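Student: Dropping a structure here in structure tokens format, bear with me for questions.
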Amino acid sequence: MIRGARTRLRRAAEPGPAGLLMLLGSALLLIVVAAVVQGISPDRLLALTVRGVMLGGILALGAIGLSLIFGVLNLPNFAHGDLMTVGAYLSLALLALIPDGAPLGPFSFSLEFLLVLALVAPTVGFIAYLLDRGVYRPLRARGAAPIYMAMSSLAIALGLRSVVYLGWGADFRFFYPGRPRPAVELFAGIRVRPDQLFILALALALIALVYLLLERTKMGKAMRATADNSELARVAGIDVERVVLFTWMIGGGLAAIGGAMYGLDAQMRPEMGWWLLLPLFASVILGTIGNPYGALAGSLIIGVTWQLSSAFLNPAYGPAVAFVLMILVLLVRPEGLFGLRGRRA
Amino acid sequence: MSGAEAIRGMLLAVPIALLLSGVGGGRPWLRWLVLPLAAATGVAVTGLLPAGILGYLVSFALMASIYGVLTLGLNVQWGYTGLFNIGVAAFFAVGAFVTALVTTTMPTGPMAAFATQALGLGAPFLVGVVAAGAASAAVAWVIARPTLRLRDDYLAIATIGIAEVVRLVFQNERWLANGPQPLRGIPQPLGCLVSSDGCAFLPAFANAWFAPLSPRDYPYVYLAVVAVLLTLTFVLLERMIESPWGRVLRAVREEESSARMNGKDAASFKVQAFVIGAAVMGVGGSLYAHYMVSIDYSHFDPLYATFLIWVMLMLGGSGNNRGAILGAFVIWGIWTGTASLVDTLRPALAAISPELPARGPYLRFLFISLLFLAILRFRPQGLIGERRRT
């Protein structure tokens, strides 16, 4: 079925990335104009933009892994949001074992939080790999249609969420309940919480790390090759099983940290991962499936649009804004920002 | 046997007769026996079973039949056409809310201060059912056009999106359907049969016949209504699937490129199947709303309103309408059965952790997700898979 779509004759006049950028630019402009018409001050818009970049950083941690898994394993991982939830709650569980230290500088968390993150990321990555061994590998071995793996990921999403519900209940959770999280002035009257700056810095650092891993290591090269053409990669002697392991470790690890960062920024709920799934997929599609850098760009665009729209829209509609943006992209340029022409997904 | 019991038995004869003809598959000797057999079974069951157990069975069959309609809708999309819709909740919810808005009347007097809704036409039940199907179909059409010409996974992602958007809208827009508060007073179709006033459209002797029924007996009436509509949906869909149109759907599912090579507009057929499936789901939502009487956005949580329906279809057998209905009954049985199982496990759960008993219901979700994984792994064709057609 996918093959069929690929061989479809492309329409003669198809907009390039520039066309999509123009579309996104005009969508953003429309939002800004709408906000100005409603009397929202430029200061507030600027503050929302900064906030959007931070949200984009959190989304990127999930979206990069989602895009890699989509590209390398040809799996739209519907359990990815719930991997984020598991990461957040696992961090919570580990924090409960360690006595709280003093807050680290201006941040609301203490030193042990960083240690916990360093432990949780590989753990969740490995959990994701074990799920692959237990669920997806038998399906691959049977030669099942890819859609059955997508369906299984849906079942895994539900299973992971049930475990979180069983372990922690449905209530809101905080890493450090009761600790004040004051905002400080950044510049030009823009106030952010120090935690948010940390989140952004960590997200950027991790993304740089992933960049180095993909571009400078042999495994990275193998992963990119598999994403490009898995048949060819196999023929070329790439150890696909190791590629699968690394993909899940990176994707699951980033998702876990993304989930913990979301929990640090706001609060944790068992459904948070499911709510994040839609913006994550929107980011991945916007930035072209299988392209982790595109996922970063997509996340930032989605994050900023989401926050800006909250100037005049009920903030609850954030995911809906991401969804509308995604549908627009699918209408205009389904291969996303960085897709090669003629290689329509 | 009291008068009320006799009438309850006759009401039960309706679903029993439909079930017999469905299972019998039109064997000629059965055709003449169906009605007397059903009437006898209905009366016997009412007379022999304790009222509590019978009431439980009736409400069980009601919910399972409503889920059966939803599963039939999904079967058109996934079973016959291979479309991966994980936003069943969207069409379910749209159907339920539209029927509610069409059949209720605008709140008046002191109620108007507490409840707001965009519409309140006070239309009859069947108008509500049709409107629900049409509205779901319209939503499906809007979403299908941009996504169905792309690869399969895009549709799945888009359907998650539409389900979330629908949920957000009904949760936040107070003017539309009372926002986060429940929309109340959805009329019960043929509810007049169990009321003391009787039905205005029935002659006096017929009303006298139903007079022994009390409002507590309403599920018996509604089970007959739902059974008729489920059967109607089933027969209609079977006809469509056996028709040349249905053949094209299966061809598109099996090998889209060869269907296109034979001059079939695959994308257009996919849109049709998606829209028709969504319309059926809308009807299911309508039946649900009239049973619940009061609905709000939380009824359409993806766990109950999408996931359970998927497990039903995959267990029963995708590509088989009988399997879809069977799956709905089996999974609903497992679902309600595990509820009492979790209840009996309470002391054991409390021994592990004092908070666990309150979270017991989530054990059921865990079990259902494991069951789903097991079906996908070991028996993807379901209990009764698709019939081989020659």
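As shown in the structure tokens, the chain order sets the letters A, B, ...; within each chain, residues go from 1, and ligands are also counted from 1 in the order they appear.
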Distance table requested - chain A against chain B, cut-off 8 Å, only C-alpha atoms: one row per qualifying residue with the closest atom pair and its distance in Å to one decimal, ordered by chain and rising residue number, as JSON lines.

Tutor:
```
{"residue": "A:Met1", "atom": "CA", "partner": "B:Glu256", "partner_atom": "CA", "distance": 5.8}
{"residue": "A:Ile2", "atom": "CA", "partner": "B:Arg151", "partner_atom": "CA", "distance": 5.6}
{"residue": "A:Gly4", "atom": "CA", "partner": "B:Ser257", "partner_atom": "CA", "distance": 5.4}
{"residue": "A:Ala5", "atom": "CA", "partner": "B:Arg151", "partner_atom": "CA", "distance": 6.2}
{"residue": "A:Pro76", "atom": "CA", "partner": "B:Asp153", "partner_atom": "CA", "distance": 6.8}
{"residue": "A:Val135", "atom": "CA", "partner": "B:Leu373", "partner_atom": "CA", "distance": 7.6}
{"residue": "A:Pro138", "atom": "CA", "partner": "B:Arg377", "partner_atom": "CA", "distance": 7.6}
{"residue": "A:Leu139", "atom": "CA", "partner": "B:Arg377", "partner_atom": "CA", "distance": 6.7}
{"residue": "A:Ile147", "atom": "CA", "partner": "B:Asp153", "partner_atom": "CA", "distance": 7.8}
{"residue": "A:Tyr148", "atom": "CA", "partner": "B:Leu376", "partner_atom": "CA", "distance": 6.8}
{"residue": "A:Ser152", "atom": "CA", "partner": "B:Leu373", "partner_atom": "CA", "distance": 5.9}
{"residue": "A:Ala155", "atom": "CA", "partner": "B:Ser369", "partner_atom": "CA", "distance": 5.0}
{"residue": "A:Ile156", "atom": "CA", "partner": "B:Ser369", "partner_atom": "CA", "distance": 6.8}
{"residue": "A:Leu158", "atom": "CA", "partner": "B:Ser369", "partner_atom": "CA", "distance": 6.1}
{"residue": "A:Gly159", "atom": "CA", "partner": "B:Leu366", "partner_atom": "CA", "distance": 5.0}
{"residue": "A:Leu160", "atom": "CA", "partner": "B:Leu366", "partner_atom": "CA", "distance": 8.0}
{"residue": "A:Ser162", "atom": "CA", "partner": "B:Tyr362", "partner_atom": "CA", "distance": 5.4}
{"residue": "A:Val163", "atom": "CA", "partner": "B:Leu366", "partner_atom": "CA", "distance": 7.0}
{"residue": "A:Tyr165", "atom": "CA", "partner": "B:Tyr362", "partner_atom": "CA", "distance": 6.5}
{"residue": "A:Leu166", "atom": "CA", "partner": "B:Arg359", "partner_atom": "CA", "distance": 5.6}
{"residue": "A:Gly167", "atom": "CA", "partner": "B:Leu356", "partner_atom": "CA", "distance": 7.9}
{"residue": "A:Gly169", "atom": "CA", "partner": "B:Arg359", "partner_atom": "CA", "distance": 6.4}
{"residue": "A:Leu278", "atom": "CA", "partner": "B:Gly161", "partner_atom": "CA", "distance": 6.2}
{"residue": "A:Phe281", "atom": "CA", "partner": "B:Ile157", "partner_atom": "CA", "distance": 7.2}
{"residue": "A:Ala316", "atom": "CA", "partner": "B:Leu168", "partner_atom": "CA", "distance": 7.3}
{"residue": "A:Tyr317", "atom": "CA", "partner": "B:Leu168", "partner_atom": "CA", "distance": 6.8}
{"residue": "A:Pro319", "atom": "CA", "partner": "B:Val165", "partner_atom": "CA", "distance": 7.8}
{"residue": "A:Ala320", "atom": "CA", "partner": "B:Val165", "partner_atom": "CA", "distance": 5.5}
{"residue": "A:Phe323", "atom": "CA", "partner": "B:Gly161", "partner_atom": "CA", "distance": 5.9}
{"residue": "A:Ile327", "atom": "CA", "partner": "B:Pro146", "partner_atom": "CA", "distance": 7.3}
{"residue": "A:Leu330", "atom": "CA", "partner": "B:Pro146", "partner_atom": "CA", "distance": 6.8}
{"residue": "A:Leu331", "atom": "CA", "partner": "B:Pro146", "partner_atom": "CA", "distance": 5.7}
{"residue": "A:Pro334", "atom": "CA", "partner": "B:Leu150", "partner_atom": "CA", "distance": 7.8}
{"residue": "A:Ala345", "atom": "CA", "partner": "B:Arg151", "partner_atom": "CA", "distance": 7.0}
```

Student: Can those selected residues be exported to a file as a compact mmCIF listing (two decimals), in the first residue's frame so that it contains N, CA and C atoms?

Tutor:
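Produced file out_34.txt, reproduced below:
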```txt
# COMPACT_ATOMS: atom_id res chain seq x y z
N MET A 1 0.84 -1.20 0.00
CA MET A 1 0.00 0.00 0.00
C MET A 1 0.87 1.25 0.00
N ILE A 2 1.96 1.18 0.79
CA ILE A 2 2.86 2.33 0.85
C ILE A 2 3.58 2.47 -0.48
N GLY A 4 2.51 1.75 -3.30
CA GLY A 4 1.59 2.34 -4.26
C GLY A 4 1.60 3.85 -4.18
N ALA A 5 1.60 4.36 -2.96
CA ALA A 5 1.58 5.81 -2.80
C ALA A 5 2.88 6.40 -3.32
N PRO A 76 5.49 4.16 13.13
CA PRO A 76 4.96 5.34 13.81
C PRO A 76 4.68 4.95 15.26
N VAL A 135 7.89 -7.58 21.41
CA VAL A 135 6.68 -7.33 20.62
C VAL A 135 6.96 -7.17 19.13
N PRO A 138 9.19 -10.30 17.01
CA PRO A 138 8.43 -11.45 16.51
C PRO A 138 7.55 -11.09 15.31
N LEU A 139 7.01 -9.88 15.34
CA LEU A 139 6.16 -9.47 14.22
C LEU A 139 7.01 -9.30 12.95
N ILE A 147 1.59 -2.15 9.57
CA ILE A 147 0.47 -1.57 10.30
C ILE A 147 0.20 -2.35 11.59
N TYR A 148 0.54 -3.65 11.61
CA TYR A 148 0.34 -4.42 12.84
C TYR A 148 1.30 -3.98 13.93
N SER A 152 0.39 -2.53 17.50
CA SER A 152 1.00 -3.02 18.74
C SER A 152 1.52 -1.85 19.57
N ALA A 155 -1.16 -0.59 21.60
CA ALA A 155 -1.42 -1.43 22.76
C ALA A 155 -0.37 -1.18 23.84
N ILE A 156 0.89 -1.00 23.41
CA ILE A 156 1.96 -0.73 24.38
C ILE A 156 1.70 0.60 25.07
N LEU A 158 -1.10 1.99 25.75
CA LEU A 158 -2.13 1.78 26.78
C LEU A 158 -1.56 1.02 27.98
N GLY A 159 -0.75 0.00 27.68
CA GLY A 159 -0.18 -0.80 28.76
C GLY A 159 0.72 0.04 29.65
N LEU A 160 1.59 0.84 29.03
CA LEU A 160 2.51 1.67 29.83
C LEU A 160 1.72 2.63 30.70
N SER A 162 -1.32 2.28 31.80
CA SER A 162 -1.97 1.56 32.90
C SER A 162 -0.99 1.33 34.04
N VAL A 163 0.26 0.98 33.69
CA VAL A 163 1.25 0.74 34.74
C VAL A 163 1.49 2.02 35.54
N TYR A 165 -0.62 4.48 35.93
CA TYR A 165 -1.82 4.69 36.75
C TYR A 165 -1.76 3.81 38.00
N LEU A 166 -1.38 2.55 37.79
CA LEU A 166 -1.34 1.62 38.92
C LEU A 166 -0.32 2.05 39.96
N GLY A 167 0.81 2.54 39.47
CA GLY A 167 1.89 2.89 40.39
C GLY A 167 1.68 4.21 41.10
N GLY A 169 -1.32 6.52 40.52
CA GLY A 169 -2.65 7.12 40.56
C GLY A 169 -2.80 8.21 39.51
N LEU A 278 0.32 14.13 19.81
CA LEU A 278 -0.12 14.83 18.60
C LEU A 278 0.87 15.93 18.19
N PHE A 281 3.97 14.24 16.70
CA PHE A 281 3.83 13.78 15.31
C PHE A 281 3.77 14.97 14.36
N ALA A 316 -6.00 25.57 26.31
CA ALA A 316 -6.26 24.13 26.20
C ALA A 316 -6.20 23.67 24.74
N TYR A 317 -6.38 24.61 23.79
CA TYR A 317 -6.42 24.23 22.39
C TYR A 317 -5.04 24.11 21.76
N PRO A 319 -2.78 21.68 21.54
CA PRO A 319 -2.63 20.53 20.66
C PRO A 319 -3.46 20.65 19.40
N ALA A 320 -4.61 21.31 19.49
CA ALA A 320 -5.45 21.48 18.31
C ALA A 320 -4.77 22.38 17.29
N PHE A 323 -2.34 20.43 15.52
CA PHE A 323 -3.03 19.54 14.59
C PHE A 323 -3.39 20.26 13.29
N ILE A 327 -2.23 19.43 9.49
CA ILE A 327 -3.11 19.18 8.34
C ILE A 327 -2.72 20.11 7.18
N LEU A 330 0.23 18.68 5.52
CA LEU A 330 -0.13 17.51 4.73
C LEU A 330 -0.80 17.92 3.42
N LEU A 331 -1.55 19.01 3.46
CA LEU A 331 -2.23 19.47 2.25
C LEU A 331 -1.24 20.04 1.26
N PRO A 334 3.31 17.22 1.86
CA PRO A 334 3.30 16.12 2.83
C PRO A 334 4.68 15.59 3.16
N ALA A 345 6.95 10.67 0.92
CA ALA A 345 6.85 9.60 1.93
C ALA A 345 5.68 8.69 1.64
```

Student: Based on the backbone DSSP call, show me all residues of region 22-233 of chain A assigned alpha helix (DSSP H), as JSON, numbers by chain.

Tutor: {"A": [22, 23, 24, 25, 26, 27, 28, 29, 30, 31, 32, 33, 34, 35, 36, 37, 42, 43, 44, 45, 46, 47, 48, 49, 50, 51, 52, 53, 54, 55, 56, 57, 58, 59, 60, 61, 62, 63, 64, 65, 66, 67, 68, 69, 70, 71, 72, 73, 80, 81, 82, 83, 84, 85, 86, 87, 88, 89, 90, 91, 92, 93, 94, 95, 96, 97, 111, 112, 113, 114, 115, 116, 117, 118, 119, 120, 121, 122, 123, 124, 125, 126, 127, 128, 129, 130, 131, 137, 138, 139, 140, 141, 142, 146, 147, 148, 149, 150, 151, 152, 153, 154, 155, 156, 157, 158, 159, 160, 161, 162, 163, 164, 165, 166, 167, 168, 194, 195, 196, 197, 198, 199, 200, 201, 202, 203, 204, 205, 206, 207, 208, 209, 210, 211, 212, 213, 214, 215, 216, 218, 219, 220, 221, 222, 223, 224, 225, 226, 227, 228, 230, 231, 232, 233]}

Student: Got time to write the residues from that selection, C-alpha atoms, as a compact mmCIF listing (two decimals), in the first residue's frame?

Tutor:
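Done, and the output landed in out_28.txt:
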```txt
# COMPACT_ATOMS: atom_id res chain seq x y z
CA MET A 22 5.86 30.78 3.25
CA LEU A 23 2.74 28.99 4.39
CA LEU A 24 4.09 28.63 7.92
CA GLY A 25 5.25 32.25 7.89
CA SER A 26 1.81 33.43 6.88
CA ALA A 27 0.17 31.25 9.52
CA LEU A 28 2.44 32.78 12.12
CA LEU A 29 1.77 36.26 10.76
CA LEU A 30 -1.95 35.58 10.91
CA ILE A 31 -1.63 34.60 14.57
CA VAL A 32 0.41 37.70 15.39
CA VAL A 33 -2.06 39.95 13.54
CA ALA A 34 -4.96 38.31 15.34
CA ALA A 35 -3.20 38.87 18.64
CA VAL A 36 -2.44 42.52 17.87
CA VAL A 37 -6.03 43.14 16.76
CA PRO A 42 4.13 43.13 21.81
CA ASP A 43 5.90 42.43 25.10
CA ARG A 44 3.52 39.62 25.84
CA LEU A 45 3.93 38.25 22.33
CA LEU A 46 7.69 38.28 22.74
CA ALA A 47 7.38 36.54 26.09
CA LEU A 48 5.12 33.93 24.55
CA THR A 49 7.62 33.39 21.75
CA VAL A 50 10.39 32.75 24.26
CA ARG A 51 8.07 30.38 26.09
CA GLY A 52 7.30 28.68 22.79
CA VAL A 53 10.97 28.09 22.07
CA MET A 54 11.24 26.35 25.44
CA LEU A 55 8.22 24.21 24.79
CA GLY A 56 9.77 23.47 21.42
CA GLY A 57 12.89 22.22 23.21
CA ILE A 58 10.84 19.76 25.25
CA LEU A 59 8.90 18.64 22.20
CA ALA A 60 12.15 18.20 20.28
CA LEU A 61 13.42 15.70 22.86
CA GLY A 62 10.43 13.52 22.05
CA ALA A 63 10.18 14.31 18.36
CA ILE A 64 13.81 13.51 17.49
CA GLY A 65 13.45 9.98 18.81
CA LEU A 66 10.03 9.58 17.22
CA SER A 67 11.44 10.67 13.87
CA LEU A 68 14.44 8.34 14.15
CA ILE A 69 12.24 5.37 15.04
CA PHE A 70 9.82 6.25 12.26
CA GLY A 71 12.69 6.47 9.78
CA VAL A 72 14.89 3.56 10.88
CA LEU A 73 12.25 1.05 11.95
CA HIS A 80 6.35 7.40 22.27
CA GLY A 81 4.41 9.88 24.36
CA ASP A 82 3.92 7.21 26.98
CA LEU A 83 7.66 6.51 27.00
CA MET A 84 7.96 10.18 28.01
CA THR A 85 5.43 9.61 30.78
CA VAL A 86 7.34 6.57 31.99
CA GLY A 87 10.56 8.61 32.00
CA ALA A 88 8.95 11.32 34.11
CA TYR A 89 7.42 8.92 36.64
CA LEU A 90 10.53 6.76 36.84
CA SER A 91 12.48 9.91 37.72
CA LEU A 92 9.87 10.64 40.36
CA ALA A 93 10.26 7.15 41.81
CA LEU A 94 14.05 7.40 41.95
CA LEU A 95 13.89 10.88 43.51
CA ALA A 96 11.71 9.46 46.27
CA LEU A 97 14.53 7.05 47.17
CA LEU A 111 21.90 17.95 42.32
CA GLU A 112 20.45 14.48 42.69
CA PHE A 113 17.89 15.28 40.00
CA LEU A 114 20.66 15.37 37.41
CA LEU A 115 21.92 12.01 38.64
CA VAL A 116 18.41 10.61 38.37
CA LEU A 117 18.12 11.87 34.78
CA ALA A 118 21.40 10.19 33.90
CA LEU A 119 20.04 6.92 35.27
CA VAL A 120 16.53 7.14 33.86
CA ALA A 121 17.45 7.90 30.26
CA PRO A 122 19.32 4.64 29.56
CA THR A 123 16.78 2.70 31.62
CA VAL A 124 13.85 3.87 29.54
CA GLY A 125 15.89 3.38 26.38
CA PHE A 126 16.49 -0.20 27.41
CA ILE A 127 12.83 -0.72 28.33
CA ALA A 128 11.94 0.47 24.84
CA TYR A 129 14.44 -2.00 23.38
CA LEU A 130 13.04 -4.85 25.48
CA LEU A 131 9.56 -4.00 24.20
CA ARG A 137 10.77 -8.45 16.62
CA PRO A 138 8.43 -11.45 16.51
CA LEU A 139 6.16 -9.47 14.22
CA ARG A 140 9.07 -8.53 11.97
CA ALA A 141 10.18 -12.15 11.93
CA ARG A 142 6.69 -13.23 10.90
CA PRO A 146 3.93 -2.62 9.24
CA ILE A 147 0.47 -1.57 10.30
CA TYR A 148 0.34 -4.42 12.84
CA MET A 149 3.43 -2.99 14.51
CA ALA A 150 1.77 0.42 14.64
CA MET A 151 -1.24 -1.24 16.24
CA SER A 152 1.00 -3.02 18.74
CA SER A 153 2.58 0.29 19.67
CA LEU A 154 -0.92 1.54 20.43
CA ALA A 155 -1.42 -1.43 22.76
CA ILE A 156 1.96 -0.73 24.38
CA ALA A 157 0.96 2.90 24.89
CA LEU A 158 -2.13 1.78 26.78
CA GLY A 159 -0.18 -0.80 28.76
CA LEU A 160 2.51 1.67 29.83
CA ARG A 161 -0.11 4.19 30.88
CA SER A 162 -1.97 1.56 32.90
CA VAL A 163 1.25 0.74 34.74
CA VAL A 164 1.78 4.42 35.53
CA TYR A 165 -1.82 4.69 36.75
CA LEU A 166 -1.34 1.62 38.92
CA GLY A 167 1.89 2.89 40.39
CA TRP A 168 1.08 6.52 40.99
CA PRO A 194 15.48 29.46 35.69
CA ASP A 195 14.26 25.88 35.30
CA GLN A 196 13.04 26.70 31.85
CA LEU A 197 16.43 28.00 30.82
CA PHE A 198 17.95 24.79 32.12
CA ILE A 199 15.44 22.74 30.13
CA LEU A 200 16.28 24.60 26.96
CA ALA A 201 20.03 24.30 27.55
CA LEU A 202 19.79 20.58 28.29
CA ALA A 203 17.61 19.99 25.25
CA LEU A 204 20.08 21.81 23.00
CA ALA A 205 23.04 19.96 24.51
CA LEU A 206 21.38 16.58 24.00
CA ILE A 207 20.41 17.45 20.48
CA ALA A 208 24.02 18.44 19.75
CA LEU A 209 25.09 15.11 21.21
CA VAL A 210 22.69 13.25 18.94
CA TYR A 211 24.00 15.26 16.01
CA LEU A 212 27.57 14.19 16.79
CA LEU A 213 26.48 10.61 17.25
CA LEU A 214 24.65 10.47 13.95
CA GLU A 215 27.23 12.34 11.91
CA ARG A 216 30.53 11.31 13.44
CA LYS A 218 29.96 4.53 12.50
CA MET A 219 26.73 3.57 14.27
CA GLY A 220 25.25 6.93 13.34
CA LYS A 221 26.15 6.33 9.75
CA ALA A 222 24.59 2.88 9.90
CA MET A 223 21.41 4.35 11.37
CA ARG A 224 21.16 6.98 8.70
CA ALA A 225 21.75 4.37 6.04
CA THR A 226 19.02 2.16 7.49
CA ALA A 227 16.62 5.07 7.63
CA ASP A 228 17.45 5.84 4.03
CA SER A 230 16.80 -0.59 5.09
CA GLU A 231 17.07 -3.27 2.37
CA LEU A 232 20.22 -1.72 0.97
CA ALA A 233 21.66 -1.29 4.46
```

Student: Which neighbours of Gly47 (chain B) fall inside 10 Å, counting only C-alpha atoms, when residues of the same chain fewer than 5 positions from it are skipped, and could you give them as a PyMOL selection string?

Tutor: chain B and resi 1-2+5-6+8-9+41-42+54

Student: If you count only C-alpha atoms, which residues fall within 7 Å of region 110-117 of chain B, apart from same-chain ones fewer than 2 positions away, as an NGL selection string?

Tutor: :B and (107-108 or 119 or 174-178)

Student: Considering only C-alpha atoms, state which residue in the set A:Asn314, A:Trp306, A:Ile285, A:Thr247 is at the smallest distance from Leu328 (chain A).

Tutor: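 Using only C-alpha atoms, Leu328 (chain A) sits closest to A:Ile285.
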
Student: Ala61 (chain B): which residues within 10 Å, counting only C-alpha atoms, same-chain residues fewer than 2 positions away excluded, as a VMD selection string?

Tutor: chain B and resid 15 55 to 59 63 to 68 219 223 226 to 227 328 to 329 332 to 333

Student: Keeping only C-alpha atoms, write the selected residues as a PDB file, in the first residue's frame.

Tutor:
```
ATOM      1  CA  PRO B  15     -33.500  -9.580  20.093  1.00  0.00           C
ATOM      2  CA  GLY B  55     -31.753  -7.282  34.418  1.00  0.00           C
ATOM      3  CA  TYR B  56     -27.972  -7.613  34.435  1.00  0.00           C
ATOM      4  CA  LEU B  57     -28.023  -9.688  31.258  1.00  0.00           C
ATOM      5  CA  VAL B  58     -30.282  -7.168  29.525  1.00  0.00           C
ATOM      6  CA  SER B  59     -28.088  -4.181  30.349  1.00  0.00           C
ATOM      7  CA  MET B  63     -24.037  -2.074  25.918  1.00  0.00           C
ATOM      8  CA  ALA B  64     -22.527  -4.944  23.942  1.00  0.00           C
ATOM      9  CA  SER B  65     -24.975  -4.304  21.080  1.00  0.00           C
ATOM     10  CA  ILE B  66     -24.174  -0.591  21.066  1.00  0.00           C
ATOM     11  CA  TYR B  67     -20.486  -1.463  20.946  1.00  0.00           C
ATOM     12  CA  GLY B  68     -21.410  -3.920  18.212  1.00  0.00           C
ATOM     13  CA  PRO B 219     -33.975  -1.496  29.253  1.00  0.00           C
ATOM     14  CA  LEU B 223     -32.787  -3.562  23.946  1.00  0.00           C
ATOM     15  CA  VAL B 226     -31.035  -1.355  19.666  1.00  0.00           C
ATOM     16  CA  ALA B 227     -31.270  -4.941  18.440  1.00  0.00           C
ATOM     17  CA  ALA B 328     -18.076  -6.735  20.878  1.00  0.00           C
ATOM     18  CA  PHE B 329     -19.960  -9.225  23.060  1.00  0.00           C
ATOM     19  CA  TRP B 332     -17.601  -6.438  26.742  1.00  0.00           C
ATOM     20  CA  GLY B 333     -18.032  -9.653  28.714  1.00  0.00           C
TER      21      GLY B 333
END
```
